[in-house]
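Undergrad: File name coords31.txt; file contents compact mmCIF, C-alpha atoms; full text below.
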```txt
# COMPACT_ATOMS: atom_id res chain seq x y z
CA MET A 1 -37.50 -16.26 -23.06
CA LEU A 2 -36.21 -14.99 -19.74
CA THR A 3 -33.03 -12.90 -20.04
CA ARG A 4 -30.26 -11.99 -17.63
CA HIS A 5 -31.01 -8.30 -18.16
CA ALA A 6 -34.61 -8.81 -17.01
CA ILE A 7 -33.28 -10.18 -13.73
CA THR A 8 -30.46 -7.69 -13.12
CA SER A 9 -32.59 -4.67 -14.10
CA GLY A 10 -35.31 -5.57 -11.61
CA ALA A 11 -37.91 -6.07 -14.35
CA TYR A 12 -38.27 -9.75 -13.51
CA LEU A 13 -39.15 -9.14 -9.87
CA GLU A 14 -41.41 -6.25 -10.83
CA SER A 15 -43.39 -8.46 -13.21
CA PHE A 16 -44.10 -10.86 -10.36
CA TYR A 17 -45.07 -8.10 -7.94
CA LYS A 18 -47.81 -7.12 -10.38
CA GLU A 19 -49.23 -10.64 -10.42
CA CYS A 20 -48.74 -11.98 -6.90
CA ALA A 21 -49.11 -10.71 -3.37
CA ASP A 22 -46.71 -13.16 -1.71
CA ILE A 23 -43.53 -12.47 -3.70
CA TRP A 24 -40.30 -12.24 -1.73
CA SER A 25 -38.50 -8.94 -1.42
CA ALA A 26 -34.95 -8.52 -2.72
CA GLU A 27 -33.76 -8.41 0.88
CA ARG A 28 -35.43 -11.70 1.76
CA ILE A 29 -34.00 -13.35 -1.34
CA GLN A 30 -30.51 -12.18 -0.33
CA GLN A 31 -31.04 -13.56 3.18
CA SER A 32 -31.87 -16.96 1.69
CA LEU A 33 -28.67 -16.89 -0.37
CA ASP A 34 -26.59 -15.88 2.64
CA ALA A 35 -28.10 -18.67 4.76
CA THR A 36 -27.42 -21.26 2.05
CA LEU A 37 -23.79 -20.22 1.70
CA ALA A 38 -23.40 -20.29 5.49
CA ALA A 39 -24.65 -23.90 5.43
CA ARG A 40 -22.07 -25.00 2.85
CA PRO A 41 -20.35 -28.19 4.02
CA ALA A 42 -17.22 -27.30 5.96
CA GLN A 43 -14.93 -29.34 3.71
CA GLN A 44 -16.06 -27.45 0.60
CA SER A 45 -14.34 -24.28 -0.58
CA GLY A 46 -13.46 -22.42 -3.75
CA ASP A 47 -15.62 -22.88 -6.84
CA ILE A 48 -19.34 -23.58 -6.41
CA TRP A 49 -21.37 -26.14 -8.35
CA VAL A 50 -25.06 -25.76 -9.18
CA PHE A 51 -27.28 -28.64 -10.30
CA ALA A 52 -29.82 -27.83 -13.04
CA TYR A 53 -32.82 -30.03 -13.77
CA GLY A 54 -35.27 -27.66 -15.49
CA SER A 55 -34.94 -24.45 -17.48
CA LEU A 56 -31.45 -23.84 -16.09
CA ILE A 57 -30.32 -26.65 -18.40
CA TRP A 58 -31.12 -24.78 -21.62
CA ASN A 59 -31.19 -21.19 -20.34
CA PRO A 60 -28.80 -20.97 -17.38
CA LEU A 61 -28.17 -17.20 -17.57
CA LEU A 62 -24.94 -17.86 -15.65
CA ASP A 63 -21.34 -16.98 -16.42
CA TYR A 64 -20.04 -20.46 -15.63
CA ALA A 65 -16.56 -21.93 -15.85
CA GLU A 66 -17.65 -25.46 -16.74
CA ARG A 67 -20.75 -27.52 -17.30
CA ARG A 68 -21.09 -31.29 -17.17
CA PRO A 69 -24.00 -33.72 -17.33
CA ALA A 70 -24.67 -35.02 -13.84
CA THR A 71 -26.97 -37.29 -11.85
CA LEU A 72 -28.55 -36.53 -8.51
CA ASP A 73 -29.69 -39.57 -6.53
CA GLY A 74 -32.51 -39.44 -4.01
CA TRP A 75 -34.68 -36.87 -5.80
CA HIS A 76 -37.08 -36.86 -8.76
CA ARG A 77 -38.73 -34.21 -10.92
CA SER A 78 -42.22 -33.12 -9.93
CA PHE A 79 -44.52 -30.35 -11.14
CA CYS A 80 -45.68 -29.82 -7.58
CA LEU A 81 -45.65 -26.03 -7.24
CA ARG A 82 -48.72 -23.96 -8.09
CA MET A 83 -47.81 -21.12 -10.45
CA VAL A 84 -49.81 -17.93 -11.02
CA ALA A 85 -47.13 -15.84 -12.78
CA GLY A 86 -44.48 -16.42 -15.40
CA ARG A 87 -46.12 -19.33 -17.23
CA GLY A 88 -49.41 -19.15 -15.39
CA SER A 89 -51.90 -16.61 -14.05
CA ALA A 90 -54.46 -16.25 -11.28
CA ASP A 91 -57.18 -17.19 -13.77
CA THR A 92 -55.29 -20.14 -15.25
CA PRO A 93 -52.76 -21.34 -12.66
CA GLY A 94 -50.14 -23.75 -13.91
CA ARG A 95 -47.49 -25.90 -12.29
CA MET A 96 -43.80 -25.18 -11.72
CA LEU A 97 -41.12 -27.84 -11.67
CA ALA A 98 -39.30 -28.84 -8.49
CA LEU A 99 -37.70 -31.93 -6.95
CA GLU A 100 -39.24 -34.26 -4.40
CA PRO A 101 -37.62 -37.13 -2.47
CA GLY A 102 -37.08 -40.49 -4.13
CA GLY A 103 -35.61 -41.79 -7.35
CA SER A 104 -32.90 -39.98 -9.29
CA THR A 105 -32.58 -37.04 -11.66
CA GLN A 106 -30.32 -36.55 -14.64
CA GLY A 107 -29.42 -32.96 -15.38
CA MET A 108 -26.56 -30.53 -15.82
CA ALA A 109 -24.00 -29.34 -13.27
CA PHE A 110 -22.50 -25.86 -13.64
CA ARG A 111 -19.26 -24.84 -11.97
CA LEU A 112 -19.05 -21.19 -10.95
CA ASP A 113 -15.62 -19.65 -10.52
CA ALA A 114 -15.10 -18.64 -6.90
CA ALA A 115 -14.26 -15.06 -7.85
CA LYS A 116 -17.55 -14.64 -9.72
CA ALA A 117 -19.76 -16.98 -7.72
CA MET A 118 -21.50 -14.45 -5.50
CA ALA A 119 -22.60 -12.25 -8.42
CA GLU A 120 -23.79 -15.29 -10.38
CA LEU A 121 -25.63 -16.76 -7.42
CA ARG A 122 -27.46 -13.48 -6.83
CA VAL A 123 -28.81 -13.66 -10.37
CA MET A 124 -29.87 -17.26 -9.89
CA TRP A 125 -31.45 -16.59 -6.48
CA VAL A 126 -33.67 -13.83 -7.83
CA ARG A 127 -34.73 -16.16 -10.62
CA GLU A 128 -35.45 -19.21 -8.47
CA MET A 129 -36.50 -17.75 -5.11
CA VAL A 130 -38.83 -15.03 -6.31
CA ALA A 131 -41.74 -16.68 -4.47
CA GLY A 132 -39.78 -18.70 -1.91
CA SER A 133 -41.16 -21.92 -3.34
CA TYR A 134 -37.88 -23.83 -3.13
CA ARG A 135 -35.59 -25.04 -0.38
CA PRO A 136 -31.95 -24.68 -1.46
CA ILE A 137 -29.82 -27.59 -0.26
CA TRP A 138 -26.30 -28.92 -0.77
CA ALA A 139 -26.22 -32.37 -2.33
CA ARG A 140 -23.66 -34.66 -3.96
CA VAL A 141 -24.02 -35.17 -7.70
CA ALA A 142 -22.18 -37.67 -9.88
CA LEU A 143 -20.49 -35.94 -12.81
CA ALA A 144 -20.39 -37.51 -16.25
CA GLY A 145 -16.91 -38.78 -17.01
CA GLY A 146 -16.15 -39.36 -13.36
CA GLY A 147 -16.00 -37.42 -10.16
CA VAL A 148 -18.45 -36.13 -7.59
CA ALA A 149 -19.35 -32.54 -6.72
CA THR A 150 -21.32 -31.05 -3.86
CA ALA A 151 -23.79 -28.73 -5.55
CA ILE A 152 -26.58 -26.32 -4.73
CA VAL A 153 -29.94 -27.87 -5.59
CA PHE A 154 -33.37 -26.23 -5.41
CA VAL A 155 -35.93 -28.73 -4.09
CA ALA A 156 -39.61 -28.22 -3.30
CA ASP A 157 -40.39 -26.51 0.00
CA THR A 158 -43.40 -28.48 1.13
CA GLY A 159 -44.15 -25.91 3.82
CA GLN A 160 -44.89 -23.16 1.32
CA PRO A 161 -48.46 -22.39 0.18
CA GLN A 162 -47.54 -23.04 -3.46
CA TYR A 163 -46.83 -26.72 -2.79
CA ARG A 164 -49.32 -29.30 -4.06
CA ALA A 165 -49.02 -32.92 -2.97
CA ASP A 166 -50.52 -34.44 -6.14
CA SER A 167 -48.24 -33.89 -9.11
CA SER A 168 -49.24 -36.96 -11.10
CA VAL A 169 -49.71 -36.59 -14.84
CA GLY A 170 -53.43 -37.22 -14.49
CA ALA A 171 -53.78 -34.49 -11.89
CA ILE A 172 -51.80 -31.75 -13.63
CA ALA A 173 -52.03 -32.24 -17.40
CA HIS A 174 -55.20 -30.16 -17.78
CA LEU A 175 -53.68 -27.35 -15.69
CA VAL A 176 -50.38 -27.31 -17.57
CA GLY A 177 -52.15 -27.48 -20.92
CA ALA A 178 -54.30 -24.44 -20.17
CA ALA A 179 -51.83 -22.19 -18.32
CA SER A 180 -49.78 -19.39 -19.84
CA GLY A 181 -48.23 -16.13 -18.72
CA ALA A 182 -45.66 -13.47 -19.48
CA PHE A 183 -42.95 -16.04 -20.27
CA GLY A 184 -45.09 -18.30 -22.44
CA GLY A 185 -47.19 -21.42 -22.12
CA ASN A 186 -46.76 -23.91 -19.31
CA ALA A 187 -46.92 -26.77 -21.83
CA ASP A 188 -44.14 -25.18 -23.87
CA TYR A 189 -41.88 -25.46 -20.83
CA VAL A 190 -42.56 -29.20 -20.67
CA PHE A 191 -41.78 -29.65 -24.36
CA GLN A 192 -38.58 -27.61 -24.04
CA LEU A 193 -37.50 -29.72 -21.09
CA GLU A 194 -38.27 -32.90 -22.99
CA LEU A 195 -36.07 -31.66 -25.86
CA ALA A 196 -33.26 -30.56 -23.54
CA LEU A 197 -33.20 -33.96 -21.85
CA ARG A 198 -33.16 -35.72 -25.20
CA GLU A 199 -30.19 -33.62 -26.33
CA LEU A 200 -28.49 -34.39 -23.03
CA GLY A 201 -29.04 -38.10 -23.55
CA ALA A 202 -31.03 -38.21 -20.33
CA GLU A 203 -34.26 -40.04 -19.56
CA ASP A 204 -37.21 -39.08 -17.38
CA ALA A 205 -40.35 -41.19 -17.73
CA TYR A 206 -42.46 -38.63 -15.85
CA ILE A 207 -41.56 -35.78 -18.22
CA ALA A 208 -42.02 -38.02 -21.28
CA SER A 209 -45.45 -39.15 -20.04
CA LEU A 210 -46.58 -35.60 -19.31
CA ALA A 211 -45.40 -34.37 -22.71
CA ASP A 212 -47.24 -37.20 -24.45
CA GLU A 213 -50.44 -36.42 -22.56
CA LEU A 214 -50.20 -32.73 -23.41
CA ARG A 215 -49.81 -33.54 -27.09
CA LEU A 216 -52.87 -35.80 -26.96
CA ARG A 217 -54.93 -33.08 -25.32
CA ALA A 218 -53.84 -30.51 -27.89
CA ARG A 219 -55.19 -32.52 -30.83
```
Take the structure I supplied and represent it as structure tokens, if you would.
TA:
Amino acid sequence: MLTRHAITSGAYLESFYKECADIWSAERIQQSLDATLAARPAQQSGDIWVFAYGSLIWNPLLDYAERRPATLDGWHRSFCLRMVAGRGSADTPGRMLALEPGGSTQGMAFRLDAAKAMAELRVMWVREMVAGSYRPIWARVALAGGGVATAIVFVADTGQPQYRADSSVGAIAHLVGAASGAFGGNADYVFQLELALRELGAEDAYIASLADELRLRAR
């Protein structure tokens, strides 16, 4: 499993440099973080919220002040990013999870203390923006128990070469089932997400359908 030390030591980035030619430099990753913070809605200040919908749910690697189940409207989960490192390789490319427009997504919202936010966001940016596959945005999420937060959300960047338009279960199941890399099997990620959502009391028909298909193919 990915660790915080792997990110902060530089080992995480180095592992990707060995596998891919189009990995972002540390400087470019920092520029993306700076640009996102500069675009923060003017009325927002202080602590920063982050919305998790994939591995950040069960392995956030963040020193957070609070976490709460949350729902993001207007976006849905999609394995729409081609992956050749991490849980895939050039020989057996897999698919990485992102968000695409439409529907809604249940996940987890993490609140980062303002005094620690920059350090925590740097860790998260290296993790998520290693290949520049995402477009960080600010979006309103409904928090369980009441309240709304404006959170950072990583959605698919359709202008990047990793993006694939067809992310249907039928189109990706054979890829996900075959792919693996330094951080494990692509299918294992799907099963872990399915379990995390179940423990969260959340539902996602797309993830459930993909997990079922992967189990059928593994028999």
Undergrad: In Å, how far is it from CA of Val126 (chain A) to CA of Ala196 (chain A)?
TA: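 Going from CA of Val126 (chain A) over to CA of Ala196 (chain A) covers 23.0 Å.
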Undergrad: Select, from A:Val50, A:Ala117, A:Ile29, A:Leu61, the residue with the minimum atom-to-atom distance to Leu143 (chain A), counting only C-alpha atoms.
TA: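 Looking only at the distances to Leu143 (chain A), the closest residue turns out to be A:Val50.
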Undergrad: Excluding Gly46 (chain A) and residues on its chain fewer than 5 positions from it, collect all residues at most 10 Å away from it, counting only C-alpha atoms, and give them as a list in words.
TA: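 With the cut-off at 10 Å, the set is Leu112, Asp113, Ala114, Ala115 and Ala117 of chain A.
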Undergrad: Within 6 Å of Pro69 (chain A), counting all atoms listed in the file, which residues qualify if same-chain residues fewer than 6 places away don't, as a list in words?
TA: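 Non-adjacent residues within range: Gly107, Met108, Ala109 and Ala144 of chain A.
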Undergrad: Go through A:Asp188, A:Glu213, A:Ala205, A:Glu194 and flag the residue nearest Gly88 (chain A), using all atoms listed in the file for the distances.
TA: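 Using all atoms listed in the file, the shortest distance to Gly88 (chain A) belongs to A:Asp188.
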Undergrad: Hey, can you check how far CA of Arg215 (chain A) sits from CA of Glu203 (chain A)?
TA: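 According to the coordinates, CA of Arg215 (chain A) and CA of Glu203 (chain A) are separated by 18.5 Å.
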Undergrad: Counting only C-alpha atoms, which of A:Arg82, A:Val176, A:Gln44, A:Glu120 gets nearest to Thr158 (chain A)?
TA: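 Once distances to Thr158 (chain A) are computed over only C-alpha atoms, the minimum belongs to A:Arg82.
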Undergrad: Quick one: what's the axis-aligned box for region 42-61 of chain A, all listed atoms, 8 Å on every side, centre and edges in Å to one decimal, as JSON?
TA:
```
{"center_x": -24.4, "center_y": -23.6, "center_z": -7.8, "size_x": 37.8, "size_y": 28.8, "size_z": 43.6}
```
Undergrad: Rank A:Gly170, A:Gly145, A:Gly132, A:Gly86 by their smallest atom-to-atom distance to Ala182 (chain A), using all atoms listed in the file, and report the top residue only.
TA: A:Gly86
Undergrad: Measure the distance from CA of Ser45 (chain A) to CA of Thr150 (chain A) in Å and round it to one decimal.
TA: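 A separation of 10.3 Å between them.
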Undergrad: Need the shell around Gly94 (chain A): protein/DNA/RNA residues with any atom at most 12 Å away, counting only C-alpha atoms. Skip same-chain ones fewer than 2 positions apart. Format as a PyMOL selection string?
TA: chain A and resi 79-92+96-97+162-164+167+171-181+184-190
Undergrad: Using C-alpha atoms, can you export the residues from the last selection as a PDB file, in the frame of the given file?
TA:
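And here is the file that came out, part-v7.pdb:
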```
ATOM      1  CA  PHE A  79     -44.520 -30.350 -11.140  1.00  0.00           C
ATOM      2  CA  CYS A  80     -45.680 -29.820  -7.580  1.00  0.00           C
ATOM      3  CA  LEU A  81     -45.650 -26.030  -7.240  1.00  0.00           C
ATOM      4  CA  ARG A  82     -48.720 -23.960  -8.090  1.00  0.00           C
ATOM      5  CA  MET A  83     -47.810 -21.120 -10.450  1.00  0.00           C
ATOM      6  CA  VAL A  84     -49.810 -17.930 -11.020  1.00  0.00           C
ATOM      7  CA  ALA A  85     -47.130 -15.840 -12.780  1.00  0.00           C
ATOM      8  CA  GLY A  86     -44.480 -16.420 -15.400  1.00  0.00           C
ATOM      9  CA  ARG A  87     -46.120 -19.330 -17.230  1.00  0.00           C
ATOM     10  CA  GLY A  88     -49.410 -19.150 -15.390  1.00  0.00           C
ATOM     11  CA  SER A  89     -51.900 -16.610 -14.050  1.00  0.00           C
ATOM     12  CA  ALA A  90     -54.460 -16.250 -11.280  1.00  0.00           C
ATOM     13  CA  ASP A  91     -57.180 -17.190 -13.770  1.00  0.00           C
ATOM     14  CA  THR A  92     -55.290 -20.140 -15.250  1.00  0.00           C
ATOM     15  CA  MET A  96     -43.800 -25.180 -11.720  1.00  0.00           C
ATOM     16  CA  LEU A  97     -41.120 -27.840 -11.670  1.00  0.00           C
ATOM     17  CA  GLN A 162     -47.540 -23.040  -3.460  1.00  0.00           C
ATOM     18  CA  TYR A 163     -46.830 -26.720  -2.790  1.00  0.00           C
ATOM     19  CA  ARG A 164     -49.320 -29.300  -4.060  1.00  0.00           C
ATOM     20  CA  SER A 167     -48.240 -33.890  -9.110  1.00  0.00           C
ATOM     21  CA  ALA A 171     -53.780 -34.490 -11.890  1.00  0.00           C
ATOM     22  CA  ILE A 172     -51.800 -31.750 -13.630  1.00  0.00           C
ATOM     23  CA  ALA A 173     -52.030 -32.240 -17.400  1.00  0.00           C
ATOM     24  CA  HIS A 174     -55.200 -30.160 -17.780  1.00  0.00           C
ATOM     25  CA  LEU A 175     -53.680 -27.350 -15.690  1.00  0.00           C
ATOM     26  CA  VAL A 176     -50.380 -27.310 -17.570  1.00  0.00           C
ATOM     27  CA  GLY A 177     -52.150 -27.480 -20.920  1.00  0.00           C
ATOM     28  CA  ALA A 178     -54.300 -24.440 -20.170  1.00  0.00           C
ATOM     29  CA  ALA A 179     -51.830 -22.190 -18.320  1.00  0.00           C
ATOM     30  CA  SER A 180     -49.780 -19.390 -19.840  1.00  0.00           C
ATOM     31  CA  GLY A 181     -48.230 -16.130 -18.720  1.00  0.00           C
ATOM     32  CA  GLY A 184     -45.090 -18.300 -22.440  1.00  0.00           C
ATOM     33  CA  GLY A 185     -47.190 -21.420 -22.120  1.00  0.00           C
ATOM     34  CA  ASN A 186     -46.760 -23.910 -19.310  1.00  0.00           C
ATOM     35  CA  ALA A 187     -46.920 -26.770 -21.830  1.00  0.00           C
ATOM     36  CA  ASP A 188     -44.140 -25.180 -23.870  1.00  0.00           C
ATOM     37  CA  TYR A 189     -41.880 -25.460 -20.830  1.00  0.00           C
ATOM     38  CA  VAL A 190     -42.560 -29.200 -20.670  1.00  0.00           C
TER      39      VAL A 190
END
```
Undergrad: Residues within 12 Å of (-40.6, -31.6, -1.2), file coordinates, counting only C-alpha atoms: what are they? Give the list as a PDB file with C-alpha atoms, in the frame of the given file.
TA:
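Saved file selection32.pdb follows:
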```
ATOM      1  CA  GLY A  74     -32.510 -39.440  -4.010  1.00  0.00           C
ATOM      2  CA  TRP A  75     -34.680 -36.870  -5.800  1.00  0.00           C
ATOM      3  CA  HIS A  76     -37.080 -36.860  -8.760  1.00  0.00           C
ATOM      4  CA  ARG A  77     -38.730 -34.210 -10.920  1.00  0.00           C
ATOM      5  CA  SER A  78     -42.220 -33.120  -9.930  1.00  0.00           C
ATOM      6  CA  PHE A  79     -44.520 -30.350 -11.140  1.00  0.00           C
ATOM      7  CA  CYS A  80     -45.680 -29.820  -7.580  1.00  0.00           C
ATOM      8  CA  LEU A  81     -45.650 -26.030  -7.240  1.00  0.00           C
ATOM      9  CA  LEU A  97     -41.120 -27.840 -11.670  1.00  0.00           C
ATOM     10  CA  ALA A  98     -39.300 -28.840  -8.490  1.00  0.00           C
ATOM     11  CA  LEU A  99     -37.700 -31.930  -6.950  1.00  0.00           C
ATOM     12  CA  GLU A 100     -39.240 -34.260  -4.400  1.00  0.00           C
ATOM     13  CA  PRO A 101     -37.620 -37.130  -2.470  1.00  0.00           C
ATOM     14  CA  GLY A 102     -37.080 -40.490  -4.130  1.00  0.00           C
ATOM     15  CA  SER A 133     -41.160 -21.920  -3.340  1.00  0.00           C
ATOM     16  CA  TYR A 134     -37.880 -23.830  -3.130  1.00  0.00           C
ATOM     17  CA  ARG A 135     -35.590 -25.040  -0.380  1.00  0.00           C
ATOM     18  CA  PRO A 136     -31.950 -24.680  -1.460  1.00  0.00           C
ATOM     19  CA  ILE A 137     -29.820 -27.590  -0.260  1.00  0.00           C
ATOM     20  CA  PHE A 154     -33.370 -26.230  -5.410  1.00  0.00           C
ATOM     21  CA  VAL A 155     -35.930 -28.730  -4.090  1.00  0.00           C
ATOM     22  CA  ALA A 156     -39.610 -28.220  -3.300  1.00  0.00           C
ATOM     23  CA  ASP A 157     -40.390 -26.510   0.000  1.00  0.00           C
ATOM     24  CA  THR A 158     -43.400 -28.480   1.130  1.00  0.00           C
ATOM     25  CA  GLY A 159     -44.150 -25.910   3.820  1.00  0.00           C
ATOM     26  CA  GLN A 160     -44.890 -23.160   1.320  1.00  0.00           C
ATOM     27  CA  GLN A 162     -47.540 -23.040  -3.460  1.00  0.00           C
ATOM     28  CA  TYR A 163     -46.830 -26.720  -2.790  1.00  0.00           C
ATOM     29  CA  ARG A 164     -49.320 -29.300  -4.060  1.00  0.00           C
ATOM     30  CA  ALA A 165     -49.020 -32.920  -2.970  1.00  0.00           C
ATOM     31  CA  ASP A 166     -50.520 -34.440  -6.140  1.00  0.00           C
ATOM     32  CA  SER A 167     -48.240 -33.890  -9.110  1.00  0.00           C
TER      33      SER A 167
END
```
Undergrad: Have a look at A:Ala35, A:Gln30, A:Asn59, A:Arg127 and name the one nearest to Glu14 (chain A); count all atoms listed in the file.
TA: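 With all atoms listed in the file as the atom set, the closest residue is A:Arg127.
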Undergrad: Which one is closest to Phe183 (chain A): A:Ala211, A:Ala39, A:Asp34, A:Ser55? Count all atoms listed in the file.
TA: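 Closest residue, counting all atoms listed in the file: A:Ser55.
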